[in-house]
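Q: This is the structure I have questions about; it appears just below.
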Amino acid sequence: MKLTIGHLYPELLNLYGDRGNIITLQKRAQWRNIEVEIKEFKLSDKINFADLDIVFLGGGSDKEQLLVSKKLSKIKSSLSGYVADDGVIMAVCGGFQILGHYYKQKGELIDGLGILDIFTESENNRLIGNVIIKTELFSRPIVGFENHGGRTYLGSCPPLGKVICGYGNNGKDGMEGAIYKNVIGTYLHGPLLPKNPHLCDYILQKALERKYPGATLSPLDDAIEIAANEYIVNRFA
Ligand code: GLN
């Protein structure tokens with residue numbers, strides 16, 4: 001079996017070790033003898049989403065985010081088609097905001113892709129710190145680190161989880177991230193996946209069963225990863 005991960009625009013969107021998420025996806029698949037190909041795309045590259053099993057969009061500063069927004073708006077229909085076809089996307093912070101209807105910054109409205117029913121408005125002070133969220137997907141919490149000026153508000157799509165510690169999407173409603181079909185958006189950096197093997201495997205499993213119906217992931221010894229997760233929970237929750 002083989003999974004292809006498309007890393008979109010890493011030269012623009014790669015804050016706070018987001019690339020570590022790609023390495024974690026790759027390693028946890030390889031440890032199960034699943035071949036992994038990572039395709040890194042530059043803004044000038046053509047993307048054939050039919051070739052991809054997981055799309056990763058990381059975080060970036062507002063300037064870089066604007067460039068990526070403009071580019072993605074041109075290929076919006078193929079990305080929307082990939083999502084409609086149950087394609088898997090993990091989008092972090094700036095990448096998460098881009099998937100929404102818009103990002104409003106200093107009065108300027110930057111159109112998003114409208115793939116997630118969310119919108120984001122930037123404020124002057126940043127929401128920074130460790131985060132712990134509880135989701136309906138797992139018994140184990142998800143832990144991470146956030147640093148964003150944007151406040152995201154959810155429309156019809158449910159959050160990835162509810163905030164136990166930290167600010168989450170906007171610091172007001174106790175929601176963190178968003179989930180729609182096989183798209184996961186979140187503010188959590190870190191990188192996120194090394195200390196959340198359950199979330200990493202959720203993403204791998206979704207990609208695997210879409211490509212190879214009935215395929216399942218064999219278990220791994222996650223003692224170290226779980227210890228890292230629990231350390232954060234015990235320290236901050
Ligand atoms: N536009 C984002 C913000 O709200 C970018 C931050 C990020 O991706 N870390 O600040």
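Residue numbering restarts at 1 in every chain; chains get A, B, ... in the order shown in the structure tokens, and ligands count up from 1 in that same order.
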Which chain A residues have any atom within 6 Å of an atom of ligand 1, and for each, what is the nearest pair of atoms with distance in Å to one decimal, counting only C-alpha atoms and all ligand atoms, rows sorted by chain and number, as CSV?

A:
residue,atom,partner,partner_atom_place_in_ligand_line,distance
A:Gly59,CA,ligand 1,8 (O),3.3
A:Gly60,CA,ligand 1,8 (O),4.1
A:Ser61,CA,ligand 1,5 (C),4.6
A:Asp62,CA,ligand 1,1 (N),4.6
A:Cys93,CA,ligand 1,8 (O),4.2
A:Gly94,CA,ligand 1,8 (O),3.6
A:Asn147,CA,ligand 1,9 (N),5.4
A:His148,CA,ligand 1,10 (O),3.6
A:Gly149,CA,ligand 1,4 (O),3.8
A:Gly150,CA,ligand 1,4 (O),3.5

Q: Within 10 Å of A:Leu99, counting only C-alpha atoms, which residues show up once you throw out same-chain ones fewer than 6 positions away? Write them as a list in words, please.

A: Leu57, Ser69, Leu72, Ser73, Lys76, Ser80, Ala91, Asp111, Gly112, Leu113, Gly114, Ile115, Leu116, Asp117, Ile118, Phe119, Val183 and Gly185 of chain A

Q: DSSP on the backbone: what in stretch 22-185 of chain A comes out strand (DSSP E), as a PyMOL selection string?

A: chain A and resi 35-41+54-57+88-92+102-105+108-111+118-134+142-154+161-165+175-176+178-180+183-185

Q: Considering only C-alpha atoms, return as a PDB file with C-alpha atoms, in the first residue's frame whatever protein or nucleic-acid residues lie within 12 Å of A:Leu193, sequence-local ones (same chain, fewer than 2 positions apart) excluded.

A:
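Final output, selection-v3.pdb:
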ATOM      1  CA  GLY A  17       7.611  23.069  13.062  1.00  0.00           C
ATOM      2  CA  ASP A  18       4.591  22.212  10.961  1.00  0.00           C
ATOM      3  CA  ARG A  19       6.879  20.112   8.763  1.00  0.00           C
ATOM      4  CA  GLY A  20       7.144  17.747  11.734  1.00  0.00           C
ATOM      5  CA  ASN A  21       3.540  16.786  11.058  1.00  0.00           C
ATOM      6  CA  ILE A  22       4.546  15.492   7.638  1.00  0.00           C
ATOM      7  CA  ILE A  23       7.441  13.506   9.113  1.00  0.00           C
ATOM      8  CA  THR A  24       5.108  11.980  11.710  1.00  0.00           C
ATOM      9  CA  LEU A  25       2.544  10.959   9.092  1.00  0.00           C
ATOM     10  CA  GLN A  26       5.337   9.454   7.003  1.00  0.00           C
ATOM     11  CA  LYS A  27       6.986   7.551   9.858  1.00  0.00           C
ATOM     12  CA  ARG A  28       3.796   6.144  11.331  1.00  0.00           C
ATOM     13  CA  MET A  90      -5.006  18.644   7.535  1.00  0.00           C
ATOM     14  CA  VAL A  92      -3.037  24.279  10.611  1.00  0.00           C
ATOM     15  CA  ILE A 142      -5.297  16.452  21.856  1.00  0.00           C
ATOM     16  CA  VAL A 143      -2.502  18.748  23.014  1.00  0.00           C
ATOM     17  CA  GLY A 144      -0.704  21.499  21.128  1.00  0.00           C
ATOM     18  CA  PHE A 145       0.479  25.084  21.029  1.00  0.00           C
ATOM     19  CA  THR A 186      -6.911  23.419  13.783  1.00  0.00           C
ATOM     20  CA  LEU A 188      -2.572  23.717  17.034  1.00  0.00           C
ATOM     21  CA  HIS A 189       1.078  23.824  16.093  1.00  0.00           C
ATOM     22  CA  GLY A 190       3.856  22.161  17.876  1.00  0.00           C
ATOM     23  CA  PRO A 191       4.184  20.249  15.586  1.00  0.00           C
ATOM     24  CA  LYS A 195       2.435  14.091  20.629  1.00  0.00           C
ATOM     25  CA  ASN A 196      -0.989  13.115  19.321  1.00  0.00           C
ATOM     26  CA  PRO A 197      -0.499   9.705  17.694  1.00  0.00           C
ATOM     27  CA  HIS A 198      -4.267   9.057  17.873  1.00  0.00           C
ATOM     28  CA  LEU A 199      -4.933  12.082  15.642  1.00  0.00           C
ATOM     29  CA  CYS A 200      -2.133  11.112  13.271  1.00  0.00           C
ATOM     30  CA  ASP A 201      -3.556   7.612  12.930  1.00  0.00           C
ATOM     31  CA  TYR A 202      -7.066   9.000  12.407  1.00  0.00           C
ATOM     32  CA  ILE A 203      -5.765  10.969   9.419  1.00  0.00           C
ATOM     33  CA  LEU A 204      -3.791   8.001   8.058  1.00  0.00           C
ATOM     34  CA  GLU A 225       4.162   9.527  22.359  1.00  0.00           C
ATOM     35  CA  ILE A 226       1.476   8.939  24.972  1.00  0.00           C
ATOM     36  CA  ALA A 228       4.507  13.236  25.885  1.00  0.00           C
ATOM     37  CA  ASN A 229       0.763  13.816  25.538  1.00  0.00           C
TER      38      ASN A 229
END

Q: Do you know which residues are at most 9 Å from A:Leu217 counting only C-alpha atoms, after dropping those on the same chain fewer than 3 positions away, and could you put them as a list of chain:residue names?

A: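 The residues satisfying every condition are A:Ala29, A:Arg32, A:Asp201, A:Leu204, A:Gln205, A:Leu208, A:Leu220.
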
Q: Those selected residues, please, written with N, CA, C and O atoms and delivered as a CSV table (one decimal), in the first residue's frame.

A:
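again-v4.csv was written with the following content:
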chain,number,residue,atom,x,y,z
A,29,ALA,N,3.2,5.7,9.0
A,29,ALA,CA,2.8,4.9,7.9
A,29,ALA,C,3.8,3.9,7.6
A,29,ALA,O,3.6,2.7,7.5
A,32,ARG,N,4.2,0.8,9.5
A,32,ARG,CA,3.3,-0.3,9.2
A,32,ARG,C,3.5,-0.8,7.7
A,32,ARG,O,2.6,-1.4,7.1
A,201,ASP,N,-3.0,8.9,13.5
A,201,ASP,CA,-3.6,7.6,12.9
A,201,ASP,C,-5.0,7.8,12.4
A,201,ASP,O,-5.3,7.1,11.4
A,204,LEU,N,-4.3,9.1,8.9
A,204,LEU,CA,-3.8,8.0,8.1
A,204,LEU,C,-4.9,7.0,7.7
A,204,LEU,O,-5.0,6.5,6.6
A,205,GLN,N,-5.7,6.7,8.7
A,205,GLN,CA,-6.8,5.7,8.5
A,205,GLN,C,-7.8,6.2,7.5
A,205,GLN,O,-8.2,5.4,6.6
A,208,LEU,N,-6.2,5.9,4.1
A,208,LEU,CA,-6.0,4.5,3.7
A,208,LEU,C,-7.3,3.9,3.3
A,208,LEU,O,-7.4,3.3,2.2
A,220,LEU,N,0.7,0.3,17.0
A,220,LEU,CA,2.1,0.6,17.3
A,220,LEU,C,2.3,0.7,18.8
A,220,LEU,O,1.4,1.0,19.5

Q: How many Å lie between atom CA of A:Glu176 and atom CA of A:Glu123, rounded to one decimal?

A: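 A separation of 17.3 Å between them.
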
Q: What's the 10 Å shell around A:Leu109, counting only C-alpha atoms, without same-chain residues fewer than 5 positions away, as a ChimeraX atom specification?

A: /A:101-104,120-121

Q: When DSSP works through the backbone of this structure, what residues of stretch 27-237 of chain A end up as helix (DSSP H, G or I), shown as a ChimeraX atom specification?

A: /A:27-30,49-51,62-74,76-84,94-98,193-195,197-211,223-236

Q: With distances taken over only C-alpha atoms, which residue among A:Val163, A:Gln97, A:Ile179, A:Gly168 lies nearest A:Leu137?

A: A:Ile179
